[in-house]
>>> print(open('input_22.cif').read())   # mmCIF, C-alpha atoms and all ligand atoms
data_query
loop_
_atom_site.label_atom_id
_atom_site.label_comp_id
_atom_site.auth_asym_id
_atom_site.auth_seq_id
_atom_site.Cartn_x
_atom_site.Cartn_y
_atom_site.Cartn_z
CA MET A 78 -11.86 14.94 -17.09
CA SER A 79 -14.40 12.22 -16.93
CA VAL A 80 -16.36 11.64 -13.78
CA LYS A 81 -15.35 8.03 -14.01
CA PHE A 82 -11.70 8.88 -13.72
CA LEU A 83 -12.37 11.13 -10.76
CA LEU A 84 -14.35 8.52 -8.94
CA ALA A 85 -11.85 5.85 -9.69
CA ALA A 86 -9.01 8.02 -8.60
CA ALA A 87 -10.80 8.77 -5.39
CA SER A 88 -10.27 5.28 -4.08
CA PHE A 89 -6.83 4.13 -3.35
CA SER A 90 -4.74 1.50 -1.95
CA PHE A 91 -1.89 1.43 0.30
CA ALA A 92 1.50 0.03 0.71
CA THR A 93 4.16 -1.79 2.55
CA ALA A 94 6.28 -0.87 5.40
CA PHE A 95 9.44 -2.10 6.75
CA ALA A 96 11.57 -3.16 9.57
CA PRO A 97 14.25 -1.78 11.76
CA THR A 98 17.86 -2.43 10.90
CA THR A 99 19.53 -1.03 13.93
CA SER A 100 18.84 -1.41 17.59
CA ILE A 101 17.49 2.11 17.70
CA ILE A 102 15.28 3.54 15.05
CA GLN A 103 13.91 6.98 14.72
CA ASN A 104 10.24 7.08 15.30
CA HIS A 105 8.42 10.24 14.47
CA HIS A 106 6.23 9.96 17.51
CA ASN A 107 8.66 8.44 19.93
CA ALA A 108 12.10 9.63 19.12
CA HIS A 109 14.12 6.56 19.97
CA ARG A 110 12.44 3.28 20.39
CA LEU A 111 14.34 0.17 21.09
CA GLN A 112 14.04 -2.33 18.28
CA LYS A 113 14.43 -6.02 18.52
CA GLN A 114 17.72 -6.63 16.84
CA SER A 115 17.29 -10.37 16.75
CA GLN A 116 14.10 -9.96 14.76
CA PHE A 117 15.93 -7.99 12.18
CA PHE A 118 18.35 -10.74 11.39
CA MET A 119 15.61 -13.31 11.40
CA VAL A 120 13.47 -11.34 9.00
CA GLN A 121 16.32 -10.53 6.69
CA GLY A 122 17.19 -14.21 6.46
CA GLN A 123 13.70 -14.94 5.21
CA GLY A 124 14.45 -13.46 1.85
CA ASP A 125 11.39 -13.34 -0.31
CA SER A 126 9.29 -15.87 1.50
CA TYR A 127 6.91 -13.88 3.59
CA LYS A 128 4.82 -16.57 5.13
CA THR A 129 2.16 -14.47 6.79
CA VAL A 130 1.23 -11.13 5.32
CA PHE A 131 -0.77 -8.49 7.16
CA VAL A 132 -3.27 -6.64 4.99
CA ALA A 133 -4.98 -3.39 5.99
CA GLY A 134 -7.85 -2.40 3.72
CA GLY A 135 -8.42 -6.01 2.66
CA SER A 136 -12.21 -6.07 2.84
CA LYS A 137 -12.84 -4.23 -0.41
CA GLY A 138 -11.40 -2.84 -3.63
CA VAL A 139 -7.74 -3.36 -4.39
CA GLY A 140 -7.09 -4.69 -0.89
CA ARG A 141 -9.63 -7.50 -1.29
CA LEU A 142 -8.00 -8.51 -4.56
CA VAL A 143 -4.58 -8.35 -2.89
CA VAL A 144 -5.84 -10.93 -0.39
CA ASP A 145 -6.84 -13.27 -3.25
CA LYS A 146 -3.48 -12.83 -4.98
CA LEU A 147 -1.56 -13.49 -1.80
CA LEU A 148 -3.49 -16.72 -1.27
CA GLU A 149 -2.81 -17.77 -4.87
CA GLU A 150 0.87 -17.22 -4.22
CA GLY A 151 0.74 -19.45 -1.14
CA HIS A 152 0.92 -16.81 1.58
CA LYS A 153 -1.17 -16.80 4.70
CA VAL A 154 -3.08 -13.58 5.30
CA VAL A 155 -4.06 -11.67 8.40
CA ALA A 156 -6.66 -9.05 7.54
CA LEU A 157 -7.81 -6.26 9.82
CA VAL A 158 -11.48 -5.58 9.09
CA ARG A 159 -14.06 -3.26 10.56
CA SER A 160 -17.43 -4.79 9.72
CA ASP A 161 -18.95 -8.10 10.81
CA GLU A 162 -19.80 -8.72 7.19
CA ALA A 163 -16.18 -8.49 6.06
CA LEU A 164 -15.14 -10.49 9.09
CA SER A 165 -17.30 -13.44 8.12
CA GLU A 166 -16.57 -13.17 4.41
CA LEU A 167 -12.79 -13.17 4.86
CA SER A 168 -12.88 -15.70 7.69
CA SER A 169 -14.48 -18.19 5.31
CA LEU A 170 -11.33 -18.21 3.18
CA LYS A 171 -8.72 -20.85 3.81
CA ASP A 172 -5.45 -19.38 5.11
CA VAL A 173 -7.03 -16.07 6.07
CA THR A 174 -7.27 -14.88 9.65
CA ALA A 175 -9.65 -11.95 9.78
CA ILE A 176 -9.43 -9.79 12.87
CA LYS A 177 -12.05 -7.26 13.76
CA GLY A 178 -10.69 -3.85 14.55
CA ASP A 179 -10.31 -0.26 13.47
CA ALA A 180 -7.26 0.88 11.50
CA MET A 181 -7.70 4.29 13.12
CA GLU A 182 -6.81 2.70 16.46
CA TYR A 183 -3.09 2.05 16.76
CA LYS A 184 -3.53 -0.79 19.25
CA ASP A 185 -5.91 -2.64 16.93
CA VAL A 186 -3.38 -2.48 14.12
CA GLU A 187 -0.44 -3.55 16.25
CA GLY A 188 -2.41 -6.40 17.80
CA ALA A 189 -3.48 -7.76 14.42
CA MET A 190 -0.06 -7.38 12.80
CA ASP A 191 1.82 -9.08 15.62
CA GLY A 192 3.35 -12.27 14.26
CA CYS A 193 3.21 -11.29 10.59
CA ASP A 194 6.28 -11.21 8.31
CA ALA A 195 5.25 -8.38 5.99
CA ALA A 196 2.55 -5.73 5.76
CA ILE A 197 0.54 -4.32 2.90
CA SER A 198 -1.75 -1.33 3.30
CA THR A 199 -4.41 -0.38 0.79
CA LEU A 200 -6.26 1.80 3.29
CA GLY A 201 -8.23 4.68 1.88
CA GLY A 202 -11.16 4.71 -0.40
CA GLY A 203 -12.36 8.23 -0.55
CA SER A 204 -14.62 8.11 2.45
CA GLY A 205 -13.16 11.42 3.55
CA ALA A 206 -12.48 12.56 7.07
CA GLY A 207 -14.27 11.08 10.04
CA GLU A 208 -16.20 13.19 12.55
CA ASP A 209 -12.95 13.77 14.37
CA GLY A 210 -11.41 15.23 11.20
CA LYS A 211 -9.04 12.29 10.85
CA TRP A 212 -8.49 10.46 7.59
CA VAL A 213 -7.77 6.78 7.33
CA ASP A 214 -5.55 7.72 4.38
CA TYR A 215 -3.09 9.23 6.84
CA VAL A 216 -3.91 8.01 10.33
CA GLY A 217 -4.67 4.42 9.32
CA ASN A 218 -1.66 4.09 7.07
CA ASN A 219 0.50 5.75 9.68
CA ASN A 220 -0.68 3.21 12.25
CA VAL A 221 0.33 0.39 9.90
CA ILE A 222 3.77 1.90 9.35
CA GLU A 223 4.34 2.58 13.01
CA ALA A 224 3.21 -0.88 14.10
CA ALA A 225 5.50 -2.46 11.51
CA GLY A 226 8.41 -0.46 12.91
CA ILE A 227 7.62 -1.39 16.49
CA LEU A 228 6.99 -5.07 15.77
CA GLY A 229 10.03 -5.48 13.52
CA VAL A 230 7.96 -6.26 10.43
CA THR A 231 10.64 -5.30 7.95
CA ARG A 232 8.78 -5.39 4.66
CA VAL A 233 6.00 -2.87 4.01
CA VAL A 234 4.16 -2.05 0.80
CA LEU A 235 2.03 1.10 0.89
CA VAL A 236 -0.51 1.75 -1.85
CA THR A 237 -1.35 5.42 -2.30
CA SER A 238 -2.18 7.23 -5.55
CA ILE A 239 -0.74 9.12 -8.47
CA GLY A 240 -0.94 12.76 -7.43
CA CYS A 241 0.95 12.24 -4.18
CA GLY A 242 4.35 13.81 -3.60
CA SER A 243 6.63 13.70 -6.61
CA SER A 244 3.77 12.61 -8.89
CA LYS A 245 1.69 15.74 -8.29
CA GLU A 246 2.68 17.23 -11.64
CA ALA A 247 1.42 14.15 -13.47
CA THR A 248 -2.13 14.89 -12.41
CA PRO A 249 -4.19 17.27 -14.53
CA PRO A 250 -4.84 20.36 -12.36
CA SER A 251 -8.62 19.91 -12.50
CA VAL A 252 -8.28 16.37 -11.18
CA TYR A 253 -5.78 17.40 -8.55
CA GLU A 254 -8.18 20.05 -7.24
CA VAL A 255 -10.93 17.50 -6.79
CA LEU A 256 -8.72 14.94 -5.09
CA LYS A 257 -6.45 17.33 -3.25
CA ASN A 258 -7.68 16.65 0.26
CA VAL A 259 -7.28 12.91 0.04
CA LEU A 260 -3.99 13.13 -1.86
CA ILE A 261 -2.50 15.32 0.85
CA GLN A 262 -3.46 12.78 3.50
CA LYS A 263 -1.92 9.92 1.52
CA GLU A 264 1.17 11.99 0.87
CA LYS A 265 1.57 12.53 4.61
CA ALA A 266 1.60 8.76 5.10
CA GLU A 267 4.14 8.35 2.31
CA ASN A 268 6.34 10.95 3.94
CA VAL A 269 6.37 9.06 7.22
CA LEU A 270 8.00 6.15 5.41
CA ILE A 271 10.27 8.29 3.28
CA LYS A 272 11.50 10.56 6.06
CA TYR A 273 11.48 8.45 9.20
CA TYR A 274 11.73 4.81 8.20
CA THR A 275 15.00 5.07 6.39
CA ASN A 276 16.04 1.61 7.55
CA MET A 277 12.85 -0.07 6.42
CA ASN A 278 12.35 -2.15 3.33
CA TRP A 279 9.37 -0.21 2.06
CA THR A 280 7.85 0.26 -1.36
CA ILE A 281 5.23 2.85 -2.28
CA ILE A 282 2.91 2.06 -5.15
CA ARG A 283 0.84 4.86 -6.66
CA PRO A 284 -1.89 3.61 -8.96
CA GLY A 285 -3.58 5.88 -11.46
CA GLY A 286 -7.36 6.10 -11.80
CA LEU A 287 -8.79 2.82 -10.53
CA VAL A 288 -11.34 0.95 -12.61
CA SER A 289 -13.03 -2.36 -11.93
CA ASP A 290 -13.52 -4.67 -14.94
CA THR A 291 -11.37 -7.64 -15.82
CA PRO A 292 -7.62 -7.22 -15.37
CA THR A 293 -5.75 -6.82 -18.65
CA GLY A 294 -2.41 -8.15 -17.45
CA LYS A 295 -0.82 -5.24 -19.30
CA ALA A 296 -0.38 -2.75 -16.48
CA ILE A 297 3.08 -1.54 -15.63
CA LEU A 298 5.01 -0.05 -12.75
CA THR A 299 7.18 2.92 -13.55
CA GLU A 300 9.59 5.28 -11.83
CA ASP A 301 8.38 8.01 -14.19
CA THR A 302 6.68 10.51 -11.86
CA MET A 303 4.85 12.04 -14.85
CA ALA A 304 3.05 8.78 -15.66
CA ILE A 305 -0.74 9.08 -15.63
CA GLY A 306 -3.59 6.88 -16.73
CA SER A 307 -6.08 4.29 -15.56
CA ILE A 308 -5.56 0.82 -14.19
CA ARG A 309 -7.86 -2.08 -13.30
CA ARG A 310 -8.00 -2.93 -9.62
CA GLY A 311 -7.02 -6.55 -10.29
CA ASP A 312 -3.89 -5.42 -12.09
CA VAL A 313 -2.93 -3.18 -9.17
CA ALA A 314 -3.35 -6.14 -6.81
CA ASP A 315 -1.19 -8.31 -9.05
CA LEU A 316 1.57 -5.69 -9.19
CA VAL A 317 1.41 -5.11 -5.44
CA VAL A 318 1.83 -8.80 -4.63
CA ARG A 319 4.63 -9.21 -7.16
CA THR A 320 6.33 -6.13 -5.71
CA LEU A 321 6.16 -7.57 -2.22
CA SER A 322 8.66 -10.30 -3.10
CA SER A 323 10.68 -8.42 -5.67
CA LYS A 324 14.23 -7.79 -4.62
CA ASN A 325 14.77 -4.49 -6.46
CA THR A 326 11.88 -2.59 -4.90
CA GLN A 327 13.38 -1.47 -1.62
CA LYS A 328 12.65 2.26 -1.11
CA LYS A 329 11.14 2.55 -4.56
CA ILE A 330 8.21 4.82 -5.29
CA LEU A 331 6.45 3.44 -8.33
CA SER A 332 3.44 4.63 -10.28
CA ALA A 333 1.11 1.94 -11.63
CA VAL A 334 -0.70 2.56 -14.91
CA ASP A 335 -2.05 0.50 -17.77
CA PRO A 336 -0.84 1.72 -21.16
CA SER A 337 -3.40 -0.52 -22.88
CA ILE A 338 -6.34 1.42 -21.44
CA GLN A 339 -7.32 4.72 -22.98
CA SER A 340 -7.50 7.37 -20.32
CA SER A 341 -9.00 10.83 -20.44
CA ALA A 342 -6.23 11.89 -18.07
CA ASN A 343 -3.69 10.91 -20.72
CA PRO A 344 -5.37 11.90 -23.99
CA ASP A 345 -2.14 11.80 -25.98
CA GLY A 346 -1.41 8.25 -24.82
CA LYS A 347 2.03 9.22 -23.53
CA SER A 348 3.90 6.13 -22.49
CA ALA A 349 6.16 5.65 -19.51
CA GLU A 350 9.18 3.40 -19.26
CA ALA A 351 8.27 0.22 -17.39
CA PHE A 352 10.11 -0.71 -14.23
CA ALA A 353 11.11 -4.38 -14.39
CA LEU A 354 10.49 -6.24 -11.15
CA ALA A 355 13.41 -8.49 -10.33
C1 LIG B 1 13.60 -6.07 0.56
O1 LIG B 1 12.54 -6.90 0.15
C2 LIG B 1 12.79 -7.63 -1.02
C3 LIG B 1 11.52 -8.37 -1.37
O2 LIG B 1 11.26 -9.35 -0.45
C4 LIG B 1 13.98 -8.54 -0.81
O3 LIG B 1 14.23 -9.29 -1.98
C5 LIG B 1 15.18 -7.71 -0.44
O4 LIG B 1 16.27 -8.56 -0.16
C6 LIG B 1 14.85 -6.87 0.78
N1 LIG B 1 15.97 -5.98 1.04
C7 LIG B 1 16.62 -6.00 2.20
C8 LIG B 1 17.77 -5.07 2.32
O5 LIG B 1 16.31 -6.74 3.11
#
>>> encode(input="input_22.cif", output="structure tokens")
Amino acid sequence: MSVKFLLAAASFSFATAFAPTTSIIQNHHNAHRLQKQSQFFMVQGQGDSYKTVFVAGGSKGVGRLVVDKLLEEGHKVVALVRSDEALSELSSLKDVTAIKGDAMEYKDVEGAMDGCDAAISTLGGGSGAGEDGKWVDYVGNNNVIEAAGILGVTRVVLVTSIGCGSSKEATPPSVYEVLKNVLIQKEKAENVLIKYYTNMNWTIIRPGGLVSDTPTGKAILTEDTMAIGSIRRGDVADLVVRTLSSKNTQKKILSAVDPSIQSSANPDGKSAEAFALA
């Protein structure tokens, strides 16, 4: 396994979350929280036009490219950022509201997301656990999911990684060993959506090994949990933003790979059946 694949695979992105459909939803921390029913109908009526999209992880990597794509598609963006540098960089973009805060702090996430119509999380990035032993890959993503549930933000896209959950077998064992700790944290975040947010309109996207370079435009999404390979960050961003407004992606868990890139993780060039976004 090449070091490049390992490094690439060590940084991830996150996904979307979703909104409550009944007046009471199950919340894994707070068993029964009252949801705003009126918001549900309002959001559902919006169809695919999410005017303002919350982005967690938007200051770098896939998340930063997601911000650009969203702007190209005419969305407004609210980005939660931690550094002053990212704050001023993103604030300089038209139609972006950058808010300084920490994704590890629930209140920061909820405060920034309030008023948004959809949420995308690309949190993660292989920085490992903080001094408190907490990982942004779980805690940060979980905060995004929980805030979306509480605020009635019905549409959530969570970007994780191949190797999580049902895609574990796709990952060569040597790679899985190296990435295990981070994959487990991401998988925990996925499971919050899968197990507790059954009424949400969520989509989980699991990219393969992330590489920079120019997007090829040839990457695919697939329901094939054995899919493995590399993908350019720009192509992940493109697929994430297209997924956001695609009507057949509710509760889908999709791997994202680029069959046009040779990958040491997929030496035989096995191809996966592409999932067509509607
Ligand atoms: C889920 O989101 C997609 C993309 O915006 C949308 O087309 C679809 O109607 C939504 N599903 C529900 C049940 O709201």
>>> closest_residue(input="input_22.cif", among="A:Ser307, A:Gly151, A:Thr299, A:Trp279", to="ligand LIG 1 (chain B)", atoms="only C-alpha atoms and all ligand atoms")
A:Trp279
>>> axis_aligned_box(input="input_22.cif", around="ligand LIG 1 (chain B)", padding_each_side="6 Å", output="lines of an AutoDock Vina configuration file")
center_x = 14.5
center_y = -7.2
center_z = 0.6
size_x = 18.5
size_y = 16.3
size_z = 17.1
>>> closest_residue(input="input_22.cif", among="A:Ala175, A:Asn278, A:Thr237, A:Val318", to="Leu331 in chain A", atoms="all atoms listed in the file")
A:Thr237
>>> atom_distance(input="input_22.cif", atom1="CA of Arg310 in chain A", atom2="CA of Leu287 in chain A")
5.9 Å
>>> atom_distance(input="input_22.cif", atom1="CA of Leu148 in chain A", atom2="CA of Asn276 in chain A")
28.2 Å
>>> residues_around(input="input_22.cif", residues="range 240-256 of chain A", least_positions_apart="5", cutoff="6 Å", atoms="only C-alpha atoms", output="number ranges by chain")
A: 264, 302-303, 305
>>> closest_residue(input="input_22.cif", among="A:Ala296, A:Ala195, A:Ile308, A:Ala224", to="ligand LIG 1 (chain B)", atoms="all atoms listed in the file")
A:Ala195
>>> atom_distance(input="input_22.cif", atom1="CA of Val132 in chain A", atom2="CA of Val144 in chain A")
7.3 Å
>>> closest_residue(input="input_22.cif", among="A:Val259, A:Ala196, A:Leu142, A:Leu167", to="ligand LIG 1 (chain B)", atoms="only C-alpha atoms and all ligand atoms")
A:Ala196
>>> residues_around(input="input_22.cif", residues="range 205-214 of chain A", least_positions_apart="5", cutoff="9 Å", atoms="only C-alpha atoms", output="list in words")
Phe89, Ser90, Phe91, Ala180, Met181, Thr199, Leu200, Asn219, Thr237, Asn258, Val259, Leu260, Ile261, Gln262, Lys263, Glu264, Lys265 and Ala266 of chain A
>>> closest_residue(input="input_22.cif", among="A:Thr293, A:Ser169, A:Thr280, A:Ser198", to="Gly311 in chain A", atoms="all atoms listed in the file")
A:Thr293
>>> closest_residue(input="input_22.cif", among="A:Ile176, A:Val313, A:Leu354, A:Leu270", to="ligand LIG 1 (chain B)", atoms="only C-alpha atoms and all ligand atoms")
A:Leu354
>>> residues_near_point(input="input_22.cif", point="(-7.1, 4.7, -23.3)", cutoff="12 Å", atoms="only C-alpha atoms", output="PyMOL selection string")
chain A and resi 82+286+305-308+334-348
>>> write_last_selection(input="input_22.cif", atoms="C-alpha atoms", output="short mmCIF file (atom, residue, chain, number, x, y, z; two decimals), in the coordinates of the input")
data_model
loop_
_atom_site.label_atom_id
_atom_site.label_comp_id
_atom_site.auth_asym_id
_atom_site.auth_seq_id
_atom_site.Cartn_x
_atom_site.Cartn_y
_atom_site.Cartn_z
CA PHE A 82 -11.70 8.88 -13.72
CA GLY A 286 -7.36 6.10 -11.80
CA ILE A 305 -0.74 9.08 -15.63
CA GLY A 306 -3.59 6.88 -16.73
CA SER A 307 -6.08 4.29 -15.56
CA ILE A 308 -5.56 0.82 -14.19
CA VAL A 334 -0.70 2.56 -14.91
CA ASP A 335 -2.05 0.50 -17.77
CA PRO A 336 -0.84 1.72 -21.16
CA SER A 337 -3.40 -0.52 -22.88
CA ILE A 338 -6.34 1.42 -21.44
CA GLN A 339 -7.32 4.72 -22.98
CA SER A 340 -7.50 7.37 -20.32
CA SER A 341 -9.00 10.83 -20.44
CA ALA A 342 -6.23 11.89 -18.07
CA ASN A 343 -3.69 10.91 -20.72
CA PRO A 344 -5.37 11.90 -23.99
CA ASP A 345 -2.14 11.80 -25.98
CA GLY A 346 -1.41 8.25 -24.82
CA LYS A 347 2.03 9.22 -23.53
CA SER A 348 3.90 6.13 -22.49
#
>>> decode(input="input_22.cif", residues="range 113-216 of chain A", atoms="C-alpha atoms", output="tab-separated table (two decimals), in the first residue's frame")
chain	number	residue	atom	x	y	z
A	113	LYS	CA	-41.03	21.89	15.37
A	114	GLN	CA	-43.64	20.33	13.18
A	115	SER	CA	-44.26	23.47	11.21
A	116	GLN	CA	-40.62	23.55	10.18
A	117	PHE	CA	-40.90	20.10	8.80
A	118	PHE	CA	-43.61	21.00	6.36
A	119	MET	CA	-41.83	24.17	5.40
A	120	VAL	CA	-38.59	22.40	4.70
A	121	GLN	CA	-40.21	19.60	2.79
A	122	GLY	CA	-41.93	22.11	0.55
A	123	GLN	CA	-38.58	23.55	-0.40
A	124	GLY	CA	-37.77	20.59	-2.56
A	125	ASP	CA	-34.28	20.78	-3.89
A	126	SER	CA	-33.66	24.45	-3.40
A	127	TYR	CA	-31.61	24.71	-0.28
A	128	LYS	CA	-30.97	28.39	-0.11
A	129	THR	CA	-28.50	28.49	2.76
A	130	VAL	CA	-26.26	25.53	3.40
A	131	PHE	CA	-24.31	25.02	6.60
A	132	VAL	CA	-20.83	23.58	6.08
A	133	ALA	CA	-18.71	22.08	8.86
A	134	GLY	CA	-15.10	21.45	7.86
A	135	GLY	CA	-15.25	24.12	5.16
A	136	SER	CA	-11.89	25.76	5.79
A	137	LYS	CA	-9.77	23.12	4.11
A	138	GLY	CA	-9.65	20.02	1.94
A	139	VAL	CA	-12.88	18.64	0.52
A	140	GLY	CA	-14.95	20.97	2.68
A	141	ARG	CA	-13.30	24.08	1.23
A	142	LEU	CA	-14.01	22.81	-2.28
A	143	VAL	CA	-17.60	22.04	-1.26
A	144	VAL	CA	-17.97	25.71	-0.34
A	145	ASP	CA	-16.81	26.75	-3.83
A	146	LYS	CA	-19.17	24.30	-5.51
A	147	LEU	CA	-22.11	25.44	-3.44
A	148	LEU	CA	-21.42	29.05	-4.43
A	149	GLU	CA	-21.18	28.05	-8.10
A	150	GLU	CA	-24.58	26.42	-7.77
A	151	GLY	CA	-26.06	29.61	-6.33
A	152	HIS	CA	-26.36	28.59	-2.69
A	153	LYS	CA	-25.46	30.79	0.23
A	154	VAL	CA	-23.03	29.22	2.68
A	155	VAL	CA	-22.61	29.43	6.42
A	156	ALA	CA	-19.25	27.99	7.42
A	157	LEU	CA	-18.17	27.21	10.96
A	158	VAL	CA	-14.42	27.80	11.21
A	159	ARG	CA	-11.91	27.61	14.01
A	160	SER	CA	-9.01	29.83	12.96
A	161	ASP	CA	-8.89	33.58	12.36
A	162	GLU	CA	-7.14	32.84	9.10
A	163	ALA	CA	-10.00	30.71	7.78
A	164	LEU	CA	-12.46	33.23	9.13
A	165	SER	CA	-11.02	36.05	7.07
A	166	GLU	CA	-10.41	33.92	3.98
A	167	LEU	CA	-13.98	32.60	3.85
A	168	SER	CA	-15.51	35.91	4.92
A	169	SER	CA	-13.98	37.51	1.84
A	170	LEU	CA	-16.16	35.33	-0.40
A	171	LYS	CA	-19.47	36.69	-1.61
A	172	ASP	CA	-22.43	34.77	-0.19
A	173	VAL	CA	-20.39	33.15	2.57
A	174	THR	CA	-20.99	33.86	6.23
A	175	ALA	CA	-18.07	32.51	8.20
A	176	ILE	CA	-18.65	32.03	11.89
A	177	LYS	CA	-15.86	31.43	14.33
A	178	GLY	CA	-16.40	28.48	16.59
A	179	ASP	CA	-15.41	24.97	17.51
A	180	ALA	CA	-17.22	21.97	16.04
A	181	MET	CA	-16.39	20.11	19.25
A	182	GLU	CA	-18.71	22.48	21.10
A	183	TYR	CA	-22.36	21.65	20.50
A	184	LYS	CA	-23.54	25.20	21.17
A	185	ASP	CA	-21.15	26.63	18.58
A	186	VAL	CA	-22.50	24.26	15.95
A	187	GLU	CA	-26.14	24.88	16.78
A	188	GLY	CA	-25.64	28.64	16.86
A	189	ALA	CA	-23.97	28.68	13.45
A	190	MET	CA	-26.45	26.30	11.82
A	191	ASP	CA	-29.53	28.14	13.04
A	192	GLY	CA	-31.37	29.51	10.02
A	193	CYS	CA	-29.79	27.17	7.46
A	194	ASP	CA	-31.81	24.88	5.18
A	195	ALA	CA	-29.36	22.00	4.85
A	196	ALA	CA	-26.10	20.85	6.41
A	197	ILE	CA	-22.97	19.26	5.02
A	198	SER	CA	-20.19	17.95	7.24
A	199	THR	CA	-16.72	17.16	5.99
A	200	LEU	CA	-15.24	17.25	9.49
A	201	GLY	CA	-12.21	15.09	10.07
A	202	GLY	CA	-8.82	15.25	8.58
A	203	GLY	CA	-6.70	12.83	10.46
A	204	SER	CA	-5.65	15.14	13.23
A	205	GLY	CA	-6.40	12.37	15.69
A	206	ALA	CA	-7.83	12.72	19.15
A	207	GLY	CA	-7.57	15.92	21.12
A	208	GLU	CA	-6.04	16.10	24.59
A	209	ASP	CA	-9.40	15.12	25.99
A	210	GLY	CA	-9.38	11.94	23.87
A	211	LYS	CA	-12.24	13.20	21.72
A	212	TRP	CA	-12.20	13.04	17.95
A	213	VAL	CA	-13.79	15.60	15.69
A	214	ASP	CA	-14.60	12.66	13.40
A	215	TYR	CA	-17.18	11.54	15.92
A	216	VAL	CA	-17.90	14.37	18.34
